[in-house]
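J.: Take a look at the following structure, please.
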Amino acid sequence: MNTILIISKKVLFYVISLTMIFILLARCSSNHNSIAQRDDINHKVDSLLKIMTLDEKIGQLNQYPGQWEMTGAVPKDENFRERYELIKNGMVGSMLNVKGVEQVRAAQKLAVENSRLGIPMIFGYDVIHGYKTIFPLPLAMSCSWDMEAIQRSARIAAVETAASGINWTFAPMVDISRDARWGRVMEGAGEDPYLGCEIAKAQILGFQGENLKDISSIAACAKHFAGYGFVEAGREYNTAEISENTLQNIVLPPFKACVDAGVATFMDAFNAIGGTPSTSNNHLLRDVLKGEWSYNGFVVSDWGSIDMARSHGVAATKKEAALIAFKAGCDMDMGSSCYLKNLKELVKEGSVKEDLIDDAVRRILSVKYELGLFEDPYRYCDSLREKELLLTEDHLKEARDIARKSIVLLKNENNILPLNKEGLKIAIIGPFANDKDNPLGNWRADAEKASAISLLEGIKSAQTSNNIAFERGPVLAVEDTTISSHKLIFNNEDRTGMKEAIIAAKSADVVIMAIGENCWQSGEARSQADIRLKGLQEELLESVYAVNKNIVVVLMNGRPIVIDWMAEHVPAILETWHLGSESGNAIADVLFGDYNPSGKITASFPRSVGQCPVYYNHKSTSHAWGHPIYASRYIDMENEPLYPFGFGLSYTSFEYSNLKINKKEVASDEELSVSVMVKNTGKYIGDEIVQLYIQDKFASTARPVKELKGFSKIHLTPGESKTVKFKLTANDLAFFTANKKWEAESGEFNVWIGPNSKEGLIESFILN
Ligand code: NOJ
């Protein structure tokens, strides 16, 4: 018996050793392969560059939108005709907004079969949260804190995009934003840089896969570099004033995470910081991105942003605009023609060195090589793949899964939720109750209009025998069709439908109110000074409440909104954002308890717009001694938001206990272990997002009162407990200090583990 044991131990030892050797060899060879692949690409790019004329090089830096039919006869419109010719002459390196295999193939053909060198174009598109299968808004998905699901959503988006001829997405948007007035909060991962970094990495891995050459991979684009989320007063395109401390500690980390994750491209931003437009910000693009971070992908401008230098008042002519953007490090011109029309002259007169042009072209060509476009410019143009890979059942299943995970239960008084599956008379009321379009959100890529499952549809197809009534109530808004960009005119007067809604509510056991924001209220150019419910929605809610207090609000919106009255009166609130194609099914899953909500908000909900920007990781201030008058506070409202970052309820309850750290003092080269016991003390199986925060109590600059440094999503059955462990290293404690470098300063730290940024068990330790 003993001998057998000894022999089998030996065998096991050899097996393990051999396996390790194999793994190491495999790693070495794959590293070796990727180095060899890079060398090969560099070599090919250099050879190509040598035979390119200056005009052809400048052509590679030029991107045009394809807002016209690429197939068929040459367009009649003069501009478009000119652009056809430019493509044919190799003067267009990239196009955006050309989609579908047929269109992309036609455009690519113009470039490849007519230009002297036949260099393929790269095709970009805004695939922000899905292509045909639409996932929840990025802000919504961030509330899932589920990196695998987020990565899967990006992967599916990539599969569908790549099957439609496109090989480059302008995502992820990694702008940290703290101000719900800004319309684009919906495109990012909220207010926290740590979570922002994790999500950025997951998205890039999803879009780009292991290898860009994989036919289902597309190049990603980290945007908007940088500071766009800090536009003053949340007003779109406004200037941003960001201290170096905040830029380094809050704004830049997610971009650095993108570089580390191997993102193929970057996009700069419309905003200026301290008067310098991001598109011509030499410090950001050359010193930080291409210098300090050694980034070797390429930078595309935002739409027309090179020419926006004139609008900012830092360039008088397009030529000056081209000069400052190009010298600063913006490689590709999205749509403004500034490079195309001026770079040659700038080189000829000596203002721009041809070496710099070569550097930009080299970056762009490298990405094209990595995508395999030189081997086969039409590799993304397979109509069979296009037919088979879009909007599949599997994709929709994933969309429903992540939509459920993105929902946040904000309030559930007396456990009104989940609803019984039988015996209830339910009235579904509100402008979004039977809306199949708004849940798609505003970056809906190639989704069919009104193709989402509405809430009413979802509830009706849930397996319940409840009695369902529906009344929309007054319309929220109408679109001003004289303008093409979905301009809304809110309805503050026409109460048609109000009476019927109240009658339906009166006779119901429970009312589900689908209210919130039209999808065109958030996104680009959709900032709002007032972030309460628009139109007659507050009146509708209060009127319904007057006749029936059993209300479950299903909020559909693209930003945190002010819901003070609702939070005080209504027993249950589900934040569902704009959840995409499977919206109604996902919400029904949660309403009837087929899925226990587990999302936690990633952007604080203000009590009033006057608190904006409001965020949990604000710095310690002066007067923090607790004086009733002389303190950093408002005299008419508390400082705390209505719902803090990281907050979200479940149908079950979790108890946190036994917070432990393995040492009270830790050296800078040691790890600190922190653990906590979490128990499911309720009746439902549930997931909990366990969050770890730290505070550097005394440092060379004022530090945030709390900073997220770890999280873990755990699954617990009723009565079950789990010990959740985290490790902290000096790296986690480091910040951009008064010495202007990233370092951990010795001293006292607090550490919390809890269910959100406001609650948790606390310990402290000293870093030596
Ligand atoms: C402008 C937006 O700011 C950017 O995010 C987007 O990628 C480009 N337009 C292209 O559509």
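The way I read the labels, and the way they are meant: chains A, B, ... in the order of the structure tokens, residue 1 as the first residue of every chain, and ligand 1 as the first ligand shown, with later ones counted on from there.
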So that I can check the surroundings of Met334 (chain A), please list as a list in words every protein, DNA and RNA residue that reaches within 6 Å of it, counting only C-alpha atoms and ignoring chain neighbours fewer than 6 positions away.

T.: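 The filter keeps Gln63, Ser301, Trp303 and Gly304 of chain A.
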
J.: Neighbouring residues of ligand 1 are defined here as those with any atom at most 10 Å from a ligand atom, counting only C-alpha atoms and all ligand atoms; list them as a ChimeraX atom specification.

T.: /A:65,96-97,124-128,169-173,184,187,221-224,228,237,267-270,300-305,334-335,443,523-525

J.: Name the residues of region 236-458 of chain A that fall into strand (DSSP E or B) according to DSSP on the backbone, using the chain letters and numbers of this document, as a list in words.

T.: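 Filtering region 236-458 of chain A to strand (DSSP E or B) leaves Ala240, Thr265, Phe266, Met267, Asp268, Ala272, Ile273, Thr276, Pro277, Phe298, Val299, Val300, Met332, Asp333, Met334, Val408, Leu409, Leu410, Lys411, Asn412, Lys425, Ile426, Ala427, Ile428 and Ile429 of chain A.
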
J.: One decimal, Å: what's the distance from CA of Glu236 (chain A) over to CA of Ser604 (chain A), could you say?

T.: 19.6 Å

J.: Can you tell me, as a list of chain:residue names, what residues are no more than 7 Å from region 393-404 of chain A when counting only C-alpha atoms, ignoring any on the same chain fewer than 2 positions away?

T.: A:Thr133, A:Phe135, A:Pro136, A:Ala149, A:Ile156, A:Leu391, A:Ser406, A:Ile407, A:Leu579, A:Glu582, A:Ser583, A:Asn585, A:Ala586, A:Ile587, A:Val590

J.: Counting only C-alpha atoms, which of A:Gln528, A:Thr602, A:Ser465, A:Asn680 gets nearest to Ser177 (chain A)?

T.: A:Thr602
